[in-house]
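Read the structure below first, then the notes.
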Amino acid sequence: MGKLYLVATPIGNLEDVSQRALRILQEAHMVACEDTRHTQILLRKHDIRAKHLTAYTEFNHKRKVAELVGQLDRGWDVALVSDAGTPALSDPGEQLVRAAVAAGHEVVAIPGPAAAIAALVASGLPTREFTFVGFVEKKTGPRRRLLERLIAEGRTVVLYESPYRVGDLLADLASVAPTAAVVVARELTKLHEELVRGTASELAARFAERAPKGEVTVVFAPGKGLLTLPTQ
Ligand code: SAM
């Protein structure tokens, strides 16, 4: 019986990869990834020649799950990586994990970077209890209702958003909870890494003018005065 390894890879900075992750990528019979060209950059940097590299994406995963479980059935170890961070977190990896478990295979997580956790711990917002919601609704109506519910629950919230929709998301949040403390974590671990902090109203105004460049993770929490910023 093969094992399914969930191998965390960098969310930007290529140094952020564990020795164990590199060893598993080297040893696995097959590496399944979202974008073979993207994963090759990491493999090449560490002189890893994957025996078989195959694409497992949001477009082909329904068909591919059966194929990869077939490889596990014949005794192959399969390493799953995503384009960034921890596989099976807001990507189709979750379906493969469920299918591997159902077929009786061992699933082994090789922990490492995850944008959600990096943004949360650097945000300065409470980390004791938090809710991760991945990507949220794109339509204003359902998104506002979701934000209302999350604000009412009182925990810190971490979510992924496209830079082009951050302005709209923050406008909805500002309408629901204008004084909520918000941190927009942009380009974590990369050259232009930046954490922008403020109230929902302040950041809605800021990002209404111009979408942030690069990848963003948004963290927010209801209580007023949760973030004390240095005076300029
Ligand atoms: N599995 C990944 C993880 O462990 O973080 C996340 C995959 S999800 C498909 C991609 C989203 O993660 C992006 O749209 C963005 O919201 C967030 N993200 C990824 N890299 C990031 C970075 N360097 N800085 C901020 N957010 C990032």
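Each chain in the structure tokens gets a letter, A, B and so on, in the order shown; residues start at 1 in every chain, and ligands are counted from 1 in the order they appear.
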
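When the distance limit is 9 Å and only C-alpha atoms are what count, the residues near range 139-156 of chain A, minus those fewer than 5 positions from it on the same chain, are Leu120, Leu125, Pro126, Thr127, Arg128, Glu129, Phe130, Thr131, Phe132, Asp168, Leu169, Asp172, Leu173, Ser175, Val176, Ala177, Ala180, Val219, Phe220, Ala221, Pro222 and Gly223 of chain A.
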
Please provide as a list of chain:residue names all residues within 12 Å of Ala102 in chain A, with the sequence filter that same-chain residues fewer than 4 positions apart are discarded (counting only C-alpha atoms). A:Val65, A:Ala66, A:Val69, A:Asp73, A:Gln95, A:Leu96, A:Val97, A:Arg98, A:Glu106, A:Val107

With only C-alpha atoms and all ligand atoms as the atoms that count, which of A:Thr179, A:Ser162, A:Asn60, A:Thr54 lies nearest to ligand 1? A:Ser162

Taking only range 31-136 of chain A into account, list the residues labelled helix (DSSP H, G or I) by DSSP (computed from the backbone), as a PyMOL selection string. chain A and resi 36-45+61-73+93-102+115-123

Show me which residues sit within 10 Å of ligand 1 when counting only C-alpha atoms and all ligand atoms, and put them as a count of residues only. 56

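The closest residue to Ala122 in chain A, picked from A:Ala50, A:Ala103, A:Val196, A:Leu42 and counting only C-alpha atoms, is A:Val196.
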
Enter the distance from CA of Val157 in chain A to CA of Phe207 in chain A, in Å, rounded to one decimal. 19.0 Å

From the DSSP assignment of the backbone, select every residue of range 5-201 of chain A that is strand (DSSP E or B), and format the answer as a VMD selection string. chain A and resid 5 to 7 9 30 to 33 53 to 55 78 to 80 85 106 to 110 130 to 135 156 to 161 181 to 186 194 to 199

As an exercise, work out the distance from CA of Ala32 in chain A to CA of Gln71 in chain A in Å and give it to one decimal place. 11.3 Å

Given only C-alpha atoms as the counted atoms, nearest of A:Thr199, A:Gly2, A:Ala79, A:Ile110 to Arg20 in chain A: A:Ile110
